[in-house]
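Data from start-v1.cif: mmCIF, C-alpha atoms
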data_upload
#
loop_
_atom_site.group_PDB
_atom_site.id
_atom_site.type_symbol
_atom_site.label_atom_id
_atom_site.label_comp_id
_atom_site.auth_asym_id
_atom_site.auth_seq_id
_atom_site.Cartn_x
_atom_site.Cartn_y
_atom_site.Cartn_z
ATOM 1 C CA MET A 1 53.208 16.995 -24.969
ATOM 2 C CA ASP A 2 52.010 13.789 -26.640
ATOM 3 C CA ALA A 3 50.553 14.736 -30.039
ATOM 4 C CA LYS A 4 48.216 11.749 -29.838
ATOM 5 C CA HIS A 5 46.964 12.631 -26.353
ATOM 6 C CA PRO A 6 47.422 16.404 -26.106
ATOM 7 C CA HIS A 7 45.735 16.906 -22.727
ATOM 8 C CA PRO A 8 47.420 14.459 -20.328
ATOM 9 C CA MET A 9 46.846 16.737 -17.321
ATOM 10 C CA ALA A 10 43.069 16.499 -17.725
ATOM 11 C CA ARG A 11 43.308 12.700 -17.732
ATOM 12 C CA GLN A 12 45.575 12.686 -14.687
ATOM 13 C CA MET A 13 43.304 15.027 -12.742
ATOM 14 C CA TRP A 14 40.266 12.900 -13.572
ATOM 15 C CA ARG A 15 42.006 9.896 -12.039
ATOM 16 C CA LEU A 16 42.405 11.940 -8.856
ATOM 17 C CA ILE A 17 38.940 13.474 -8.586
ATOM 18 C CA GLU A 18 36.921 10.413 -9.642
ATOM 19 C CA PRO A 19 37.730 8.377 -6.494
ATOM 20 C CA LEU A 20 36.973 11.425 -4.339
ATOM 21 C CA HIS A 21 33.557 11.825 -5.939
ATOM 22 C CA ALA A 22 32.871 8.067 -5.832
ATOM 23 C CA VAL A 23 32.888 8.071 -2.036
ATOM 24 C CA LEU A 24 29.233 9.082 -2.463
ATOM 25 C CA TYR A 25 28.349 5.735 -4.023
ATOM 26 C CA TYR A 26 30.469 3.262 -2.077
ATOM 27 C CA ALA A 27 31.190 4.431 1.470
ATOM 28 C CA PRO A 28 29.321 2.478 4.164
ATOM 29 C CA GLU A 29 28.331 5.732 5.862
ATOM 30 C CA VAL A 30 26.467 6.728 2.700
ATOM 31 C CA THR A 31 24.749 3.353 2.477
ATOM 32 C CA ALA A 32 23.599 3.731 6.077
ATOM 33 C CA GLU A 33 22.231 7.194 5.331
ATOM 34 C CA ALA A 34 20.373 5.901 2.262
ATOM 35 C CA GLU A 35 18.769 3.199 4.386
ATOM 36 C CA ARG A 36 17.807 5.782 6.999
ATOM 37 C CA LEU A 37 16.052 7.808 4.303
ATOM 38 C CA GLY A 38 14.110 4.734 3.211
ATOM 39 C CA TYR A 39 15.934 3.614 0.057
ATOM 40 C CA ALA A 40 16.489 -0.085 -0.554
ATOM 41 C CA VAL A 41 20.179 -0.889 -0.114
ATOM 42 C CA ASP A 42 20.332 -4.502 -1.310
ATOM 43 C CA THR A 43 21.768 -2.942 -4.489
ATOM 44 C CA ARG A 44 23.294 0.508 -4.815
ATOM 45 C CA TRP A 45 21.023 1.693 -7.623
ATOM 46 C CA PRO A 46 17.986 3.095 -5.734
ATOM 47 C CA SER A 47 20.194 5.495 -3.788
ATOM 48 C CA TYR A 48 22.640 6.043 -6.680
ATOM 49 C CA PHE A 49 19.944 7.573 -8.838
ATOM 50 C CA ALA A 50 18.706 9.684 -5.933
ATOM 51 C CA TRP A 51 22.165 10.897 -4.856
ATOM 52 C CA ARG A 52 23.350 11.744 -8.360
ATOM 53 C CA ALA A 53 20.136 13.181 -9.812
ATOM 54 C CA ALA A 54 19.067 15.261 -6.792
ATOM 55 C CA PRO A 55 20.854 18.434 -7.985
ATOM 56 C CA LEU A 56 18.529 18.374 -11.020
ATOM 57 C CA GLY A 57 15.490 18.712 -8.750
ATOM 58 C CA GLU A 58 12.457 16.482 -9.271
ATOM 59 C CA ALA A 59 13.647 15.432 -12.701
ATOM 60 C CA GLY A 60 11.738 12.761 -14.581
ATOM 61 C CA THR A 61 12.862 9.643 -16.399
ATOM 62 C CA ALA A 62 13.600 11.316 -19.736
ATOM 63 C CA ALA A 63 15.677 14.106 -18.206
ATOM 64 C CA VAL A 64 17.757 11.743 -16.068
ATOM 65 C CA SER A 65 18.194 9.262 -18.925
ATOM 66 C CA SER A 66 19.431 12.084 -21.104
ATOM 67 C CA ALA A 67 21.886 13.408 -18.528
ATOM 68 C CA PHE A 68 23.209 10.007 -17.419
ATOM 69 C CA TYR A 69 23.251 8.829 -21.065
ATOM 70 C CA SER A 70 24.615 5.278 -20.846
ATOM 71 C CA PHE A 71 21.878 3.746 -18.679
ATOM 72 C CA SER A 72 18.973 1.964 -20.280
ATOM 73 C CA PRO A 73 15.888 4.180 -19.886
ATOM 74 C CA ARG A 74 14.141 1.140 -18.382
ATOM 75 C CA VAL A 75 16.616 1.084 -15.497
ATOM 76 C CA VAL A 76 16.193 4.808 -14.974
ATOM 77 C CA ALA A 77 12.412 4.379 -14.971
ATOM 78 C CA GLU A 78 12.692 1.830 -12.158
ATOM 79 C CA HIS A 79 14.138 4.495 -9.886
ATOM 80 C CA ILE A 80 13.081 7.900 -11.263
ATOM 81 C CA PRO A 81 10.748 9.575 -10.341
ATOM 82 C CA ALA A 82 10.088 6.989 -7.586
ATOM 83 C CA ALA A 83 13.194 8.249 -5.768
ATOM 84 C CA TRP A 84 11.425 11.543 -4.998
ATOM 85 C CA LYS A 85 8.572 9.712 -3.281
ATOM 86 C CA VAL A 86 11.064 8.363 -0.764
ATOM 87 C CA ALA A 87 12.728 11.728 -0.157
ATOM 88 C CA ALA A 88 12.542 15.131 -1.805
ATOM 89 C CA PRO A 89 15.652 16.226 -3.712
ATOM 90 C CA SER A 90 16.369 18.917 -1.102
ATOM 91 C CA THR A 91 16.367 16.273 1.626
ATOM 92 C CA VAL A 92 18.583 14.002 -0.452
ATOM 93 C CA LEU A 93 21.077 16.826 -0.954
ATOM 94 C CA GLU A 94 21.253 17.576 2.766
ATOM 95 C CA SER A 95 21.701 13.883 3.517
ATOM 96 C CA ARG A 96 24.428 13.354 0.948
ATOM 97 C CA TYR A 97 26.521 16.137 2.487
ATOM 98 C CA ALA A 98 26.004 14.656 5.943
ATOM 99 C CA ALA A 99 26.884 11.143 4.795
ATOM 100 C CA VAL A 100 29.886 12.159 2.700
ATOM 101 C CA GLY A 101 31.140 14.296 5.568
ATOM 102 C CA ARG A 102 31.107 11.285 7.889
ATOM 103 C CA ALA A 103 32.724 9.094 5.238
ATOM 104 C CA LEU A 104 35.520 11.569 4.560
ATOM 105 C CA GLY A 105 36.097 11.901 8.295
ATOM 106 C CA THR A 106 36.691 8.159 8.431
ATOM 107 C CA LEU A 107 38.769 7.984 5.255
ATOM 108 C CA LEU A 108 40.867 11.124 5.542
ATOM 109 C CA GLY A 109 40.730 12.187 9.170
ATOM 110 C CA PRO A 110 41.937 15.687 10.096
ATOM 111 C CA LEU A 111 44.507 15.999 7.324
ATOM 112 C CA ALA A 112 46.226 19.375 7.382
ATOM 113 C CA GLU A 113 46.340 19.400 3.569
ATOM 114 C CA VAL A 114 42.561 19.367 3.100
ATOM 115 C CA PRO A 115 41.889 23.144 3.320
ATOM 116 C CA GLU A 116 44.556 24.016 0.749
ATOM 117 C CA ALA A 117 43.363 21.235 -1.559
ATOM 118 C CA ALA A 118 39.783 22.470 -1.182
ATOM 119 C CA THR A 119 40.792 26.036 -2.088
ATOM 120 C CA LEU A 120 42.545 24.898 -5.256
ATOM 121 C CA ALA A 121 39.721 22.512 -6.192
ATOM 122 C CA ARG A 122 37.185 25.301 -5.809
ATOM 123 C CA ARG A 123 39.243 27.548 -8.096
ATOM 124 C CA ALA A 124 39.215 24.842 -10.733
ATOM 125 C CA ALA A 125 35.513 24.095 -10.292
ATOM 126 C CA GLU A 126 34.548 27.755 -10.574
ATOM 127 C CA ALA A 127 36.500 27.921 -13.840
ATOM 128 C CA ALA A 128 34.415 25.073 -15.289
ATOM 129 C CA VAL A 129 31.987 26.695 -17.726
ATOM 130 C CA PRO A 130 28.639 24.884 -17.261
ATOM 131 C CA ALA A 131 27.054 25.811 -20.610
ATOM 132 C CA GLY A 132 25.627 22.685 -22.244
ATOM 133 C CA ARG A 133 26.577 20.552 -19.235
ATOM 134 C CA PRO A 134 23.443 19.815 -17.191
ATOM 135 C CA LEU A 135 24.947 17.793 -14.352
ATOM 136 C CA ALA A 136 27.892 20.121 -13.859
ATOM 137 C CA ALA A 137 25.573 23.130 -13.936
ATOM 138 C CA ALA A 138 23.126 21.605 -11.451
ATOM 139 C CA ASN A 139 25.919 20.878 -8.972
ATOM 140 C CA ALA A 140 27.514 24.280 -9.527
ATOM 141 C CA ASP A 141 24.194 25.875 -8.567
ATOM 142 C CA LEU A 142 24.412 24.396 -5.066
ATOM 143 C CA ALA A 143 25.821 26.380 -2.161
ATOM 144 C CA TRP A 144 29.432 25.692 -1.227
ATOM 145 C CA PRO A 145 29.831 23.815 2.057
ATOM 146 C CA ASP A 146 31.800 25.548 4.797
ATOM 147 C CA ASP A 147 33.605 22.376 5.828
ATOM 148 C CA PRO A 148 36.854 22.101 3.822
ATOM 149 C CA ALA A 149 36.571 18.343 3.256
ATOM 150 C CA LEU A 150 33.032 18.749 1.925
ATOM 151 C CA ALA A 151 34.098 21.723 -0.199
ATOM 152 C CA LEU A 152 36.828 19.538 -1.698
ATOM 153 C CA TRP A 153 34.298 16.804 -2.410
ATOM 154 C CA HIS A 154 31.796 19.279 -3.883
ATOM 155 C CA ALA A 155 34.454 20.705 -6.191
ATOM 156 C CA ALA A 156 35.476 17.205 -7.253
ATOM 157 C CA THR A 157 31.832 16.449 -8.004
ATOM 158 C CA ILE A 158 31.398 19.547 -10.181
ATOM 159 C CA LEU A 159 34.611 18.736 -12.045
ATOM 160 C CA ARG A 160 33.690 15.080 -12.412
ATOM 161 C CA GLU A 161 30.264 15.880 -13.838
ATOM 162 C CA HIS A 162 31.779 18.588 -16.045
ATOM 163 C CA ARG A 163 34.024 15.942 -17.563
ATOM 164 C CA GLY A 164 31.158 13.466 -17.832
ATOM 165 C CA ASP A 165 28.927 15.962 -19.620
ATOM 166 C CA GLY A 166 31.777 16.588 -22.050
ATOM 167 C CA HIS A 167 32.155 12.852 -22.565
ATOM 168 C CA VAL A 168 28.501 12.654 -23.623
ATOM 169 C CA ALA A 169 29.098 15.481 -26.109
ATOM 170 C CA ALA A 170 32.122 13.606 -27.461
ATOM 171 C CA ALA A 171 30.064 10.416 -27.776
ATOM 172 C CA LEU A 172 27.386 12.240 -29.734
ATOM 173 C CA THR A 173 30.031 13.718 -32.012
ATOM 174 C CA ALA A 174 31.455 10.224 -32.561
ATOM 175 C CA GLY A 175 27.981 8.946 -33.456
ATOM 176 C CA LEU A 176 27.803 6.477 -30.550
ATOM 177 C CA ASP A 177 24.393 6.013 -28.978
ATOM 178 C CA PRO A 178 24.187 5.088 -25.258
ATOM 179 C CA CYS A 179 24.459 1.323 -25.703
ATOM 180 C CA GLU A 180 27.050 1.613 -28.485
ATOM 181 C CA LEU A 181 29.173 3.776 -26.200
ATOM 182 C CA LEU A 182 29.387 0.939 -23.679
ATOM 183 C CA VAL A 183 29.878 -1.782 -26.290
ATOM 184 C CA SER A 184 32.752 0.136 -27.856
ATOM 185 C CA PHE A 185 34.337 0.679 -24.439
ATOM 186 C CA ALA A 186 34.152 -3.010 -23.567
ATOM 187 C CA ALA A 187 35.593 -3.793 -27.008
ATOM 188 C CA VAL A 188 38.865 -1.985 -26.231
ATOM 189 C CA GLY A 189 39.279 -3.862 -22.942
ATOM 190 C CA ALA A 190 38.168 -1.174 -20.494
ATOM 191 C CA ALA A 191 36.323 -3.814 -18.431
ATOM 192 C CA PRO A 192 34.696 -7.214 -19.024
ATOM 193 C CA VAL A 193 31.339 -7.144 -20.759
ATOM 194 C CA GLU A 194 29.707 -8.462 -17.573
ATOM 195 C CA VAL A 195 30.636 -5.271 -15.715
ATOM 196 C CA PHE A 196 28.492 -3.233 -18.091
ATOM 197 C CA ALA A 197 25.379 -5.300 -17.326
ATOM 198 C CA SER A 198 24.596 -2.877 -14.494
ATOM 199 C CA ARG A 199 23.568 -0.293 -17.082
ATOM 200 C CA GLY A 200 20.508 -2.397 -17.865
ATOM 201 C CA TRP A 201 20.731 -3.165 -21.581
ATOM 202 C CA THR A 202 19.312 -6.549 -22.573
ATOM 203 C CA ASP A 203 21.404 -9.179 -24.344
ATOM 204 C CA GLN A 204 19.425 -8.454 -27.483
ATOM 205 C CA GLU A 205 20.089 -4.707 -27.276
ATOM 206 C CA TRP A 206 23.793 -5.301 -26.597
ATOM 207 C CA THR A 207 24.047 -7.670 -29.560
ATOM 208 C CA ALA A 208 22.198 -5.248 -31.836
ATOM 209 C CA ALA A 209 24.549 -2.422 -30.821
ATOM 210 C CA ARG A 210 27.554 -4.678 -31.418
ATOM 211 C CA ASP A 211 26.226 -5.620 -34.850
ATOM 212 C CA ARG A 212 25.785 -1.957 -35.762
ATOM 213 C CA LEU A 213 29.399 -1.289 -34.809
ATOM 214 C CA VAL A 214 30.559 -4.321 -36.798
ATOM 215 C CA THR A 215 28.736 -2.921 -39.832
ATOM 216 C CA ARG A 216 30.519 0.401 -39.315
ATOM 217 C CA GLY A 217 33.881 -1.358 -39.206
ATOM 218 C CA LEU A 218 34.544 -0.521 -35.546
ATOM 219 C CA LEU A 219 34.284 -4.057 -34.160
ATOM 220 C CA HIS A 220 35.183 -7.559 -35.236
ATOM 221 C CA PRO A 221 32.312 -10.068 -35.162
ATOM 222 C CA ASP A 222 33.657 -11.449 -31.862
ATOM 223 C CA GLY A 223 33.092 -8.051 -30.214
ATOM 224 C CA THR A 224 36.711 -6.882 -30.074
ATOM 225 C CA ALA A 225 37.703 -3.545 -31.543
ATOM 226 C CA THR A 226 39.198 -3.170 -34.988
ATOM 227 C CA GLU A 227 42.026 -0.711 -35.585
ATOM 228 C CA ARG A 228 39.403 1.802 -36.630
ATOM 229 C CA GLY A 229 37.423 1.009 -33.487
ATOM 230 C CA PHE A 230 40.465 1.698 -31.314
ATOM 231 C CA ALA A 231 41.037 4.940 -33.216
ATOM 232 C CA VAL A 232 37.453 6.109 -32.644
ATOM 233 C CA ARG A 233 37.739 5.434 -28.911
ATOM 234 C CA GLU A 234 41.098 7.208 -28.737
ATOM 235 C CA GLU A 235 39.616 10.220 -30.489
ATOM 236 C CA LEU A 236 36.605 10.175 -28.166
ATOM 237 C CA GLU A 237 38.771 10.040 -25.032
ATOM 238 C CA ALA A 238 41.102 12.733 -26.388
ATOM 239 C CA ARG A 239 38.097 14.980 -27.093
ATOM 240 C CA THR A 240 36.800 14.284 -23.592
ATOM 241 C CA ASP A 241 40.168 15.327 -22.149
ATOM 242 C CA GLU A 242 40.183 18.446 -24.316
ATOM 243 C CA LEU A 243 36.705 19.454 -23.159
ATOM 244 C CA ALA A 244 37.711 18.841 -19.531
ATOM 245 C CA SER A 245 41.001 20.731 -19.639
ATOM 246 C CA ALA A 246 39.950 24.364 -19.098
ATOM 247 C CA PRO A 247 39.431 24.182 -15.307
ATOM 248 C CA TRP A 248 42.884 22.685 -14.827
ATOM 249 C CA GLN A 249 44.490 25.173 -17.171
ATOM 250 C CA ALA A 250 42.927 27.904 -15.022
ATOM 251 C CA LEU A 251 44.956 26.660 -12.049
ATOM 252 C CA GLY A 252 48.180 27.182 -13.956
ATOM 253 C CA PRO A 253 51.267 25.912 -12.100
ATOM 254 C CA ALA A 254 49.147 25.269 -8.984
ATOM 255 C CA VAL A 255 47.721 22.154 -10.661
ATOM 256 C CA GLY A 256 50.893 20.321 -9.664
ATOM 257 C CA ARG A 257 50.427 21.362 -6.066
ATOM 258 C CA PHE A 258 46.833 20.145 -6.188
ATOM 259 C CA ALA A 259 47.965 16.740 -7.439
ATOM 260 C CA GLN A 260 50.602 16.619 -4.701
ATOM 261 C CA LEU A 261 47.981 17.347 -2.043
ATOM 262 C CA VAL A 262 45.219 15.068 -3.306
ATOM 263 C CA GLY A 263 47.317 12.084 -4.378
ATOM 264 C CA PRO A 264 47.788 10.737 -0.823
ATOM 265 C CA MET A 265 44.085 11.262 -0.097
ATOM 266 C CA VAL A 266 43.120 9.173 -3.106
ATOM 267 C CA GLN A 267 45.567 6.502 -1.972
ATOM 268 C CA ARG A 268 43.775 6.389 1.368
ATOM 269 C CA ILE A 269 40.413 6.031 -0.346
ATOM 270 C CA ALA A 270 41.707 3.314 -2.663
ATOM 271 C CA GLY A 271 43.430 1.554 0.212
ATOM 272 C CA SER A 272 40.201 1.454 2.215
ATOM 273 C CA GLY A 273 38.786 -1.155 -0.175
ATOM 274 C CA ILE A 274 35.443 0.597 -0.636
ATOM 275 C CA LEU A 275 35.878 1.158 -4.382
ATOM 276 C CA PRO A 276 35.285 -1.676 -6.885
ATOM 277 C CA ARG A 277 38.322 -3.119 -8.625
ATOM 278 C CA GLN A 278 36.577 -2.744 -11.986
ATOM 279 C CA SER A 279 33.835 -0.403 -13.121
ATOM 280 C CA THR A 280 32.239 0.994 -16.247
ATOM 281 C CA LEU A 281 34.551 4.007 -15.931
ATOM 282 C CA GLY A 282 37.581 2.024 -17.011
ATOM 283 C CA LEU A 283 39.800 3.541 -14.327
ATOM 284 C CA SER A 284 41.743 0.279 -14.081
ATOM 285 C CA ALA A 285 42.011 -0.121 -17.849
ATOM 286 C CA PRO A 286 45.350 0.262 -19.624
ATOM 287 C CA PRO A 287 45.814 3.695 -21.220
ATOM 288 C CA PRO A 288 44.637 4.055 -24.835
ATOM 289 C CA ARG A 289 47.153 2.861 -27.407
#
Please rewrite the model in this file as structure tokens.
Amino acid sequence: MDAKHPHPMARQMWRLIEPLHAVLYYAPEVTAEAERLGYAVDTRWPSYFAWRAAPLGEAGTAAVSSAFYSFSPRVVAEHIPAAWKVAAPSTVLESRYAAVGRALGTLLGPLAEVPEAATLARRAAEAAVPAGRPLAAANADLAWPDDPALALWHAATILREHRGDGHVAAALTAGLDPCELLVSFAAVGAAPVEVFASRGWTDQEWTAARDRLVTRGLLHPDGTATERGFAVREELEARTDELASAPWQALGPAVGRFAQLVGPMVQRIAGSGILPRQSTLGLSAPPPR
């Protein structure tokens, strides 16, 4: 085990479940369903906020801003609570299962490995303690789908949000506010600064956050990370992995079998071209130093 990164399995499993979950935001079948419901689809944000926040019920701007963390509250306010005037959360939840089911049918087909993968994923998801993790808890409260492909996706979603909630806790512990979290991530080369513009922070807010991190010794004036800045991000990611590790530890040796089953599925999803080459998640970024 790497002493610097003591939970490599949690990182590896995230790289498998994230593309599975992301089908919700990028598959054309989901876009078509969003349009059918009445959401604008010229950008993905009106339906993104509806799809992701629906498990929280008719949550307002403050609640969604808090749970999503890195979005500017102004961007959240553009879509929440307006999303619930287009469709009630219960309707959105029914539609997201229907749309994801169609998308997975296209992407995966009738793979014989899906039921076994779904069983293992559910075991991991049910081992994810939701205390202090609002998005994981809200998804865990939903009924499990009978369809194995949807059960696999639902488990991946619980596990993904469980990790994300832990990442927010790690960011708070590191003293990084929502905008600073993004600025520090761009500073270590996770993605170009332009990619983070989708989170809605103004140039002035981005610059102010950068200046605060320069004052703290985490960034150089040109916006690149200092050695201390790299160290803070490494610690944050390591803490995120640590907080996400329990569900995978609960699988024991079966975690390797899960990776063996899901790896080819993720390759199919990636090979379809529906996922962006770069995102604010930093999936394509080099591993921390």
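Each of A:Ile17, A:Leu120, A:Met9, A:Leu135 was checked against Gly57 of chain A using only C-alpha atoms; the smallest atom-to-atom distance is that of A:Leu135.
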I'd like to know which of A:Pro264, A:Ala156, A:Arg210, A:Leu275 is closest to Trp14 of chain A, using all atoms listed in the file.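 Checking each candidate against Trp14 of chain A, we get A:Ala156 as the closest.
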Residues matched by the PyMOL selection byres ((chain A and resi 121-129) around 6) as a PyMOL selection string: chain A and resi 118-120+130-131+155+159+247-248
Record the distance separating atom CA of Arg96 of chain A and atom CA of Arg133 of chain A, expressed in Å with one decimal.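 Atom-to-atom, atom CA of Arg96 of chain A and atom CA of Arg133 of chain A are spaced 21.5 Å apart.
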Pick from A:Arg36, A:Ala270, A:Met265, A:Ala246, whichever lies nearest to Pro110 of chain A using all atoms listed in the file: A:Met265
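Proximity to Met13 of chain A at 10 Å, evaluated using all atoms listed in the file and with sequence-adjacent residues fewer than 4 positions away removed, yields Pro8, Met9, Ile17, Glu18, Ala156, Leu159, Arg160, Asp241, Ala244, Ser245, Trp248, Val255, Gly256, Phe258, Ala259, Val262 and Gly263 of chain A.
Using only C-alpha atoms for every distance, the candidate list A:Ala103, A:Leu93, A:Leu243, A:Ala187 yields A:Leu93 as the residue closest to Leu142 of chain A.
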Atomic separation - atom CA of Ala83 of chain A relative to atom CA of Phe185 of chain A, Å: 29.2 Å
Give me the residues near Val64 of chain A as a list in words, where near means some atom within 9 Å (using all atoms listed in the file) and where sequence neighbours in that chain fewer than 3 positions away do not count. Phe49, Ala53, Leu56, Ala59, Gly60, Thr61, Ala67, Phe68, Tyr69, Pro73, Val76 and Ile80 of chain A
I need the output of the PyMOL selection byres ((chain A and resi 214) around 12) for this file as a PDB file with C-alpha atoms, keeping the file's coordinate frame; which residues are they?
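The result, stored in part.pdb:
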ATOM      1  CA  GLU A 180      27.050   1.613 -28.485  1.00  0.00           C
ATOM      2  CA  VAL A 183      29.878  -1.782 -26.290  1.00  0.00           C
ATOM      3  CA  SER A 184      32.752   0.136 -27.856  1.00  0.00           C
ATOM      4  CA  ALA A 187      35.593  -3.793 -27.008  1.00  0.00           C
ATOM      5  CA  THR A 207      24.047  -7.670 -29.560  1.00  0.00           C
ATOM      6  CA  ALA A 208      22.198  -5.248 -31.836  1.00  0.00           C
ATOM      7  CA  ALA A 209      24.549  -2.422 -30.821  1.00  0.00           C
ATOM      8  CA  ARG A 210      27.554  -4.678 -31.418  1.00  0.00           C
ATOM      9  CA  ASP A 211      26.226  -5.620 -34.850  1.00  0.00           C
ATOM     10  CA  ARG A 212      25.785  -1.957 -35.762  1.00  0.00           C
ATOM     11  CA  LEU A 213      29.399  -1.289 -34.809  1.00  0.00           C
ATOM     12  CA  THR A 215      28.736  -2.921 -39.832  1.00  0.00           C
ATOM     13  CA  ARG A 216      30.519   0.401 -39.315  1.00  0.00           C
ATOM     14  CA  GLY A 217      33.881  -1.358 -39.206  1.00  0.00           C
ATOM     15  CA  LEU A 218      34.544  -0.521 -35.546  1.00  0.00           C
ATOM     16  CA  LEU A 219      34.284  -4.057 -34.160  1.00  0.00           C
ATOM     17  CA  HIS A 220      35.183  -7.559 -35.236  1.00  0.00           C
ATOM     18  CA  PRO A 221      32.312 -10.068 -35.162  1.00  0.00           C
ATOM     19  CA  ASP A 222      33.657 -11.449 -31.862  1.00  0.00           C
ATOM     20  CA  GLY A 223      33.092  -8.051 -30.214  1.00  0.00           C
ATOM     21  CA  THR A 224      36.711  -6.882 -30.074  1.00  0.00           C
ATOM     22  CA  ALA A 225      37.703  -3.545 -31.543  1.00  0.00           C
ATOM     23  CA  THR A 226      39.198  -3.170 -34.988  1.00  0.00           C
ATOM     24  CA  ARG A 228      39.403   1.802 -36.630  1.00  0.00           C
ATOM     25  CA  GLY A 229      37.423   1.009 -33.487  1.00  0.00           C
TER      26      GLY A 229
END
Can you pull out the residues contacting Ala32 of chain A? Cut-off 10 Å, using all atoms listed in the file, and skip same-chain residues under 6 positions away; I want them as a PyMOL selection string. chain A and resi 38-39+41+99
Resulting file, chosen residues, C-alpha atoms, as a PDB file, in the frame of the given file:
ATOM      1  CA  GLY A  38      14.110   4.734   3.211  1.00  0.00           C
ATOM      2  CA  TYR A  39      15.934   3.614   0.057  1.00  0.00           C
ATOM      3  CA  VAL A  41      20.179  -0.889  -0.114  1.00  0.00           C
ATOM      4  CA  ALA A  99      26.884  11.143   4.795  1.00  0.00           C
TER       5      ALA A  99
END
List the residues selected by the PyMOL selection byres ((chain A and resi 29) around 12) in the file shown, writing them as a list in words.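 With the PyMOL selection byres ((chain A and resi 29) around 12) on this model, the match is Val23, Leu24, Tyr25, Tyr26, Ala27, Pro28, Val30, Thr31, Ala32, Glu33, Ala34, Glu35, Arg36, Ser95, Arg96, Tyr97, Ala98, Ala99, Val100, Gly101, Arg102, Ala103, Leu104, Gly105, Thr106, Leu107 and Ile274 of chain A.
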Atomic distance atom CA of Pro134 of chain A - atom CA of His162 of chain A, expressed in Å with one decimal: 8.5 Å
Leaving out segment 230-236 of chain A and any residue of its chain fewer than 2 positions from it, which residues lie within 7 Å of it when counting only C-alpha atoms, given as a list in words?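 Result of the neighbour search: Ala170, Ala171, Ala174, Val188, Ala225, Thr226, Glu227, Arg228, Ala238, Arg239, Thr240 and Pro288 of chain A.
Distances to Leu182 of chain A were evaluated for A:Ala87, A:Phe71, A:Ala138, A:Glu161 using all atoms listed in the file, and the minimum falls at A:Phe71.
Nearest residue to Trp51 of chain A, choosing from A:Pro81, A:Pro192, A:Pro276, A:Pro89 and counting all atoms listed in the file: A:Pro89.
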Residues at most 8 Å from Asn139 of chain A, counting only C-alpha atoms, excluding those fewer than 2 positions away in the same chain, as a ChimeraX atom specification? /A:55,135-137,141-142,154,157-158
May I have the selected residues written with C-alpha atoms, as a compact mmCIF listing (two decimals), in the coordinates of the input?
# COMPACT_ATOMS: atom_id res chain seq x y z
CA PRO A 55 20.85 18.43 -7.98
CA LEU A 135 24.95 17.79 -14.35
CA ALA A 136 27.89 20.12 -13.86
CA ALA A 137 25.57 23.13 -13.94
CA ASP A 141 24.19 25.88 -8.57
CA LEU A 142 24.41 24.40 -5.07
CA HIS A 154 31.80 19.28 -3.88
CA THR A 157 31.83 16.45 -8.00
CA ILE A 158 31.40 19.55 -10.18
